[in-house]
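S.K.: My structure is below; once you've seen it, I'll send some questions.
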Amino acid sequence: MIITARNPERVHHAGRELGASIAAFDATDFDRLARFFDELPAPIDHIQVTGPGPHDVPLAKFDLDEARRELDAHLLLPLQVAREAAGKVRPGGTLLFTGCTARGPTGEGRTFISALTAGLSAVTKSLAYELAPVRVNLIAAGFVDTPLSEAVLGDRMDARREQLRSTLPIGRVIGPADIAALAVHLMTNTAVTGGTFDIDGGQQLVEG
Ligand SMILES: NC(=O)c1ccc[n+]([C@@H]2O[C@H](COP(=O)([O-])OP(=O)(O)OC[C@H]3O[C@@H](n4cnc5c(N)ncnc54)[C@H](OP(=O)(O)O)[C@@H]3O)[C@@H](O)[C@H]2O)c1
């Protein structure tokens, strides 16, 4: 197993904890990403792309340069990984992307993100056809209790957790382990490809 992220100290710590190899680089630096794949021994069993979180931007503050960075992170990064992975992932292995539920990114500030979310689902379908017999799937998450959520919500995080506990049909907040369990399922269930898999504890049922 190899895990990657930008911060060398954090990724080193995670690698030690998991007994995994590590590589520290910015995945949206596509030249560096290509070098990473060049140096990987083949065949690869599975690749999971998580990475940068999107930012809500109201139309009045929409900035083209920022939008291009979001495009890099949420649509071009998965496509670049797919290009690099083609021919390296073993038949029946997987490419697994991470995005938001389609219902989630609506509302003020989410116009561009909702386009990226829909786009990633479409890209997943097309790649499942184009890269077969490698399987390609998308995990579409609702709220997950991660450092990204903490960074976005700040001191409103505890109130949000409490609200979700009292309103979600599952009666608890989704954590990284729930996402990991779905990822392992999608990696190992060889019947599944081209799909977008919502995991939100029923958030769309109660929040619309
Ligand atoms: N949390 C949620 O509620 C939620 C809901 C729906 C979808 N998602 C999606 O799930 C994905 C992961 O979210 P998360 O909540 O786990 O975020 P997170 O807590 O911020 O973790 C993201 C991880 O990716 C690494 N990373 C970020 N940018 C990177 C880059 N440019 N190059 C390489 N590594 C990078 C980070 O480490 P470094 O900072 O060291 O690089 C960190 O290890 C995101 O795409 C997010 O949009 C999250």
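In the structure tokens, chains take letters A, B, ... by order of appearance, with residues numbered from 1 within each chain and ligands from 1 in the order shown.
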Find the residues near A:Pro169: any atom within 9 Å, counting only C-alpha atoms, skip ones fewer than 3 places away on the same chain, and give them as an MDAnalysis selection string.
M.R.: chainID A and resid 165:166 172 201:203 205:206
S.K.: Would you mind exporting all heavy atoms of the selected residues as a PDB file, in the first residue's frame?
M.R.:
ATOM      1  N   ARG A 165     -26.768  14.013  14.431  1.00  0.00           N
ATOM      2  CA  ARG A 165     -27.124  12.878  15.308  1.00  0.00           C
ATOM      3  C   ARG A 165     -28.620  12.843  15.559  1.00  0.00           C
ATOM      4  O   ARG A 165     -29.235  11.788  15.615  1.00  0.00           O
ATOM      5  CB  ARG A 165     -26.410  13.018  16.663  1.00  0.00           C
ATOM      6  CG  ARG A 165     -25.073  12.334  16.675  1.00  0.00           C
ATOM      7  CD  ARG A 165     -24.435  12.381  18.067  1.00  0.00           C
ATOM      8  NE  ARG A 165     -23.013  12.569  17.913  1.00  0.00           N
ATOM      9  CZ  ARG A 165     -22.329  13.645  18.259  1.00  0.00           C
ATOM     10  NH1 ARG A 165     -22.915  14.662  18.849  1.00  0.00           N
ATOM     11  NH2 ARG A 165     -21.034  13.717  18.034  1.00  0.00           N
ATOM     12  N   SER A 166     -29.228  14.004  15.696  1.00  0.00           N
ATOM     13  CA  SER A 166     -30.650  14.011  16.044  1.00  0.00           C
ATOM     14  C   SER A 166     -31.565  13.943  14.818  1.00  0.00           C
ATOM     15  O   SER A 166     -32.739  13.672  14.971  1.00  0.00           O
ATOM     16  CB  SER A 166     -30.980  15.240  16.896  1.00  0.00           C
ATOM     17  OG  SER A 166     -30.701  16.396  16.152  1.00  0.00           O
ATOM     18  N   ARG A 172     -26.404   8.791  13.814  1.00  0.00           N
ATOM     19  CA  ARG A 172     -25.001   9.063  14.152  1.00  0.00           C
ATOM     20  C   ARG A 172     -24.342   9.780  12.984  1.00  0.00           C
ATOM     21  O   ARG A 172     -24.921   9.852  11.888  1.00  0.00           O
ATOM     22  CB  ARG A 172     -24.256   7.763  14.472  1.00  0.00           C
ATOM     23  CG  ARG A 172     -24.125   6.832  13.283  1.00  0.00           C
ATOM     24  CD  ARG A 172     -23.327   5.577  13.628  1.00  0.00           C
ATOM     25  NE  ARG A 172     -23.181   4.715  12.468  1.00  0.00           N
ATOM     26  CZ  ARG A 172     -22.234   4.850  11.535  1.00  0.00           C
ATOM     27  NH1 ARG A 172     -21.344   5.819  11.628  1.00  0.00           N
ATOM     28  NH2 ARG A 172     -22.172   4.021  10.513  1.00  0.00           N
ATOM     29  N   GLY A 201     -25.838   8.476   5.240  1.00  0.00           N
ATOM     30  CA  GLY A 201     -26.633   8.199   6.440  1.00  0.00           C
ATOM     31  C   GLY A 201     -28.081   8.628   6.311  1.00  0.00           C
ATOM     32  O   GLY A 201     -28.770   8.800   7.316  1.00  0.00           O
ATOM     33  N   GLY A 202     -28.537   8.862   5.085  1.00  0.00           N
ATOM     34  CA  GLY A 202     -29.923   9.310   4.869  1.00  0.00           C
ATOM     35  C   GLY A 202     -30.063  10.831   4.879  1.00  0.00           C
ATOM     36  O   GLY A 202     -31.173  11.372   4.934  1.00  0.00           O
ATOM     37  N   GLN A 203     -28.934  11.543   4.777  1.00  0.00           N
ATOM     38  CA  GLN A 203     -28.965  13.015   4.843  1.00  0.00           C
ATOM     39  C   GLN A 203     -29.871  13.623   3.774  1.00  0.00           C
ATOM     40  O   GLN A 203     -30.605  14.576   4.041  1.00  0.00           O
ATOM     41  CB  GLN A 203     -27.523  13.534   4.688  1.00  0.00           C
ATOM     42  CG  GLN A 203     -27.340  15.007   5.009  1.00  0.00           C
ATOM     43  CD  GLN A 203     -25.881  15.437   4.889  1.00  0.00           C
ATOM     44  OE1 GLN A 203     -24.978  14.593   4.872  1.00  0.00           O
ATOM     45  NE2 GLN A 203     -25.652  16.721   4.796  1.00  0.00           N
ATOM     46  N   LEU A 205     -32.505  12.362   2.598  1.00  0.00           N
ATOM     47  CA  LEU A 205     -33.916  12.109   2.911  1.00  0.00           C
ATOM     48  C   LEU A 205     -34.469  13.187   3.827  1.00  0.00           C
ATOM     49  O   LEU A 205     -35.639  13.538   3.752  1.00  0.00           O
ATOM     50  CB  LEU A 205     -34.066  10.734   3.591  1.00  0.00           C
ATOM     51  CG  LEU A 205     -33.492   9.543   2.831  1.00  0.00           C
ATOM     52  CD1 LEU A 205     -33.651   8.262   3.638  1.00  0.00           C
ATOM     53  CD2 LEU A 205     -34.166   9.411   1.471  1.00  0.00           C
ATOM     54  N   VAL A 206     -33.605  13.710   4.703  1.00  0.00           N
ATOM     55  CA  VAL A 206     -34.111  14.675   5.678  1.00  0.00           C
ATOM     56  C   VAL A 206     -33.782  16.130   5.315  1.00  0.00           C
ATOM     57  O   VAL A 206     -34.456  17.043   5.772  1.00  0.00           O
ATOM     58  CB  VAL A 206     -33.590  14.366   7.106  1.00  0.00           C
ATOM     59  CG1 VAL A 206     -34.167  13.056   7.594  1.00  0.00           C
ATOM     60  CG2 VAL A 206     -32.072  14.330   7.161  1.00  0.00           C
TER      61      VAL A 206
END
S.K.: Please check which protein, DNA or RNA residues sit within 8 Å of ligand 1, counting only C-alpha atoms and all ligand atoms, and write them as a ChimeraX atom specification.
M.R.: /A:4-8,10-11,24-29,49-54,73-74,98-101,140-149,176
S.K.: Kindly export the residues of the current selection with N, CA, C and O atoms, as a compact mmCIF listing (two decimals), in the first residue's frame.
M.R.:
# COMPACT_ATOMS: atom_id res chain seq x y z
N THR A 4 -0.47 8.85 -0.22
CA THR A 4 0.14 10.12 -0.62
C THR A 4 -0.67 11.29 -0.07
O THR A 4 -1.87 11.17 0.17
N ALA A 5 0.00 12.40 0.13
CA ALA A 5 -0.60 13.68 0.53
C ALA A 5 0.51 14.71 0.39
O ALA A 5 1.64 14.35 0.05
N ARG A 6 0.18 15.98 0.64
CA ARG A 6 1.21 17.00 0.47
C ARG A 6 2.12 17.14 1.68
O ARG A 6 3.32 17.28 1.56
N ASN A 7 1.54 17.11 2.88
CA ASN A 7 2.32 17.38 4.09
C ASN A 7 3.19 16.16 4.46
O ASN A 7 2.66 15.12 4.86
N PRO A 8 4.54 16.29 4.32
CA PRO A 8 5.40 15.12 4.52
C PRO A 8 5.31 14.53 5.93
O PRO A 8 5.30 13.32 6.10
N ARG A 10 2.76 14.62 8.14
CA ARG A 10 1.49 13.91 8.39
C ARG A 10 1.44 12.59 7.62
O ARG A 10 1.01 11.57 8.15
N VAL A 11 1.90 12.62 6.37
CA VAL A 11 1.83 11.39 5.57
C VAL A 11 2.83 10.36 6.11
O VAL A 11 2.56 9.16 6.11
N ALA A 24 5.09 12.14 -0.68
CA ALA A 24 4.52 13.45 -0.36
C ALA A 24 4.64 14.37 -1.57
O ALA A 24 5.74 14.71 -1.99
N PHE A 25 3.52 14.72 -2.17
CA PHE A 25 3.51 15.68 -3.28
C PHE A 25 2.09 16.20 -3.49
O PHE A 25 1.12 15.62 -2.98
N ASP A 26 1.99 17.30 -4.24
CA ASP A 26 0.68 17.87 -4.57
C ASP A 26 0.15 17.13 -5.81
O ASP A 26 0.74 17.22 -6.89
N ALA A 27 -0.96 16.43 -5.64
CA ALA A 27 -1.49 15.62 -6.74
C ALA A 27 -1.97 16.47 -7.92
O ALA A 27 -2.10 15.96 -9.03
N THR A 28 -2.22 17.76 -7.68
CA THR A 28 -2.65 18.61 -8.79
C THR A 28 -1.46 19.18 -9.57
O THR A 28 -1.65 19.93 -10.53
N ASP A 29 -0.24 18.83 -9.14
CA ASP A 29 0.95 19.09 -9.96
C ASP A 29 1.07 17.87 -10.89
O ASP A 29 1.64 16.84 -10.52
N VAL A 49 -8.70 7.92 -5.10
CA VAL A 49 -8.40 9.35 -5.15
C VAL A 49 -9.34 10.07 -4.19
O VAL A 49 -10.56 10.00 -4.36
N THR A 50 -8.79 10.74 -3.17
CA THR A 50 -9.64 11.57 -2.30
C THR A 50 -9.21 13.02 -2.51
O THR A 50 -9.70 13.67 -3.41
N GLY A 51 -8.25 13.48 -1.71
CA GLY A 51 -7.62 14.77 -2.01
C GLY A 51 -8.41 16.00 -1.63
O GLY A 51 -9.18 15.98 -0.68
N PRO A 52 -8.20 17.06 -2.39
CA PRO A 52 -8.65 18.38 -1.96
C PRO A 52 -10.18 18.49 -1.86
O PRO A 52 -10.90 17.88 -2.63
N GLY A 53 -10.62 19.30 -0.91
CA GLY A 53 -12.06 19.54 -0.76
C GLY A 53 -12.47 20.77 -1.55
O GLY A 53 -11.68 21.69 -1.73
N PRO A 54 -13.73 20.82 -2.02
CA PRO A 54 -14.19 21.98 -2.78
C PRO A 54 -14.57 23.14 -1.87
O PRO A 54 -14.82 22.96 -0.69
N ALA A 73 -8.62 20.13 -9.48
CA ALA A 73 -8.67 19.23 -8.33
C ALA A 73 -9.79 18.20 -8.44
O ALA A 73 -9.63 17.06 -8.00
N HIS A 74 -10.91 18.58 -9.03
CA HIS A 74 -12.09 17.71 -8.94
C HIS A 74 -12.48 17.01 -10.23
O HIS A 74 -13.27 16.08 -10.19
N THR A 98 -13.67 10.09 -5.26
CA THR A 98 -14.48 10.56 -4.14
C THR A 98 -15.08 11.92 -4.49
O THR A 98 -14.37 12.81 -4.95
N GLY A 99 -16.39 12.05 -4.27
CA GLY A 99 -17.04 13.33 -4.51
C GLY A 99 -18.19 13.53 -3.53
O GLY A 99 -18.26 12.83 -2.52
N CYS A 100 -19.06 14.46 -3.86
CA CYS A 100 -20.20 14.76 -2.99
C CYS A 100 -21.46 14.12 -3.54
O CYS A 100 -21.53 13.82 -4.73
N THR A 101 -22.47 13.96 -2.68
CA THR A 101 -23.77 13.50 -3.18
C THR A 101 -24.32 14.56 -4.13
O THR A 101 -24.07 15.76 -3.94
N ALA A 140 -19.91 8.93 -3.40
CA ALA A 140 -20.51 10.27 -3.29
C ALA A 140 -20.95 10.44 -1.84
O ALA A 140 -21.93 9.85 -1.39
N ALA A 141 -20.19 11.25 -1.11
CA ALA A 141 -20.41 11.35 0.34
C ALA A 141 -21.27 12.54 0.72
O ALA A 141 -21.23 13.60 0.08
N GLY A 142 -22.05 12.36 1.78
CA GLY A 142 -22.70 13.49 2.46
C GLY A 142 -21.70 14.04 3.46
O GLY A 142 -20.48 13.97 3.24
N PHE A 143 -22.20 14.54 4.58
CA PHE A 143 -21.28 15.08 5.60
C PHE A 143 -20.46 13.95 6.20
O PHE A 143 -21.00 12.93 6.63
N VAL A 144 -19.13 14.13 6.24
CA VAL A 144 -18.24 13.18 6.90
C VAL A 144 -17.40 13.95 7.93
O VAL A 144 -16.92 15.05 7.64
N ASP A 145 -17.25 13.35 9.10
CA ASP A 145 -16.52 14.00 10.19
C ASP A 145 -15.01 13.87 9.94
O ASP A 145 -14.39 12.89 10.34
N THR A 146 -14.45 14.84 9.25
CA THR A 146 -13.02 14.82 8.91
C THR A 146 -12.39 16.18 9.21
O THR A 146 -13.12 17.16 9.44
N PRO A 147 -11.07 16.29 9.13
CA PRO A 147 -10.43 17.60 9.30
C PRO A 147 -10.95 18.64 8.31
O PRO A 147 -11.03 19.83 8.63
N LEU A 148 -11.34 18.20 7.09
CA LEU A 148 -11.89 19.15 6.12
C LEU A 148 -13.18 19.78 6.66
O LEU A 148 -13.36 21.01 6.61
N SER A 149 -14.07 18.96 7.21
CA SER A 149 -15.32 19.47 7.76
C SER A 149 -15.04 20.42 8.92
O SER A 149 -15.69 21.46 9.05
N PRO A 176 -14.71 8.64 8.70
CA PRO A 176 -13.83 8.08 7.65
C PRO A 176 -13.91 6.55 7.55
O PRO A 176 -13.81 6.00 6.46
S.K.: Which is closer to A:Leu120 than all the others in A:Arg90, A:Gln163, A:Gly194, A:Gly154, using only C-alpha atoms?
M.R.: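 Closest residue, counting only C-alpha atoms: A:Gly194.
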S.K.: Separation of atom CA of A:Arg32 and atom CA of A:Leu131, in Å?
M.R.: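 Taking atom CA of A:Arg32 and atom CA of A:Leu131, their separation equals 22.6 Å.
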S.K.: Could you please determine the separation between atom CA of A:Ser121 and atom CA of A:Arg83 in Å, to one decimal place?
M.R.: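 Going from atom CA of A:Ser121 over to atom CA of A:Arg83 covers 16.9 Å.
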S.K.: From the options A:Ala132, A:Asp56, A:Asp198, A:Ala14, which residue's atoms come nearest to A:Ala82, counting only C-alpha atoms?
M.R.: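 The answer is A:Ala132, which sits nearest to A:Ala82.
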S.K.: Please, what distance in Å, to one decimal, runs between atom CA of A:Asp158 and atom CA of A:Ser114?
M.R.: 26.0 Å
S.K.: Would you please work out which residue, of A:Gln48, A:Thr196, A:Thr188, A:Thr94, is nearest to A:Ala122 when using only C-alpha atoms?
M.R.: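 Looking at the shortest contact to A:Ala122, the residue is A:Thr196.
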S.K.: Which is closer to A:Thr111 than all the others in A:Phe97, A:Leu40, A:Val57, A:Asp178, using only C-alpha atoms?
M.R.: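 So, comparing all the options, the nearest one is A:Val57.
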S.K.: For each of A:Gly87, A:Gly175, A:Pro78, A:Gly92, take the minimum atom-to-atom distance to A:Thr193, counting only C-alpha atoms, then give the residue where this is smallest.
M.R.: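 The answer is A:Gly92, which sits nearest to A:Thr193.
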S.K.: Could you give me the residues within stretch 15-192 of chain A that DSSP places in strand (DSSP E), as a list in words?
M.R.: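 Filtering stretch 15-192 of chain A down to strand (DSSP E) leaves Ser21, Ile22, Ala23, Ala24, Ile44, Asp45, His46, Ile47, Gln48, Val89, Arg90, Pro91, Gly92, Gly93, Thr94, Leu95, Leu96, Phe97, Thr98, Gly99, Cys100, Arg135, Val136, Asn137, Leu138, Ile139, Ala140 and Ala141 of chain A.
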S.K.: Would you mind telling me which residue in A:Asn189, A:Ala102, A:Met157, A:Gly195 lies nearest to A:Ala128 when using only C-alpha atoms?
M.R.: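 Once distances to A:Ala128 are computed over only C-alpha atoms, the minimum belongs to A:Gly195.
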S.K.: Would you return as a ChimeraX atom specification the members of stretch 2-203 of chain A that DSSP assigns to helix (DSSP H, G or I) on this structure's backbone?
M.R.: /A:8-18,30-38,59-61,64-85,111-130,147-167,176-188,203
S.K.: Tell me which protein, DNA and RNA residues are within 7 Å of A:Thr124, counting only C-alpha atoms, leaving out same-chain ones fewer than 6 positions away, and put them as a list of chain:residue names.
M.R.: A:Val136, A:Asn137, A:Leu138, A:Gly194
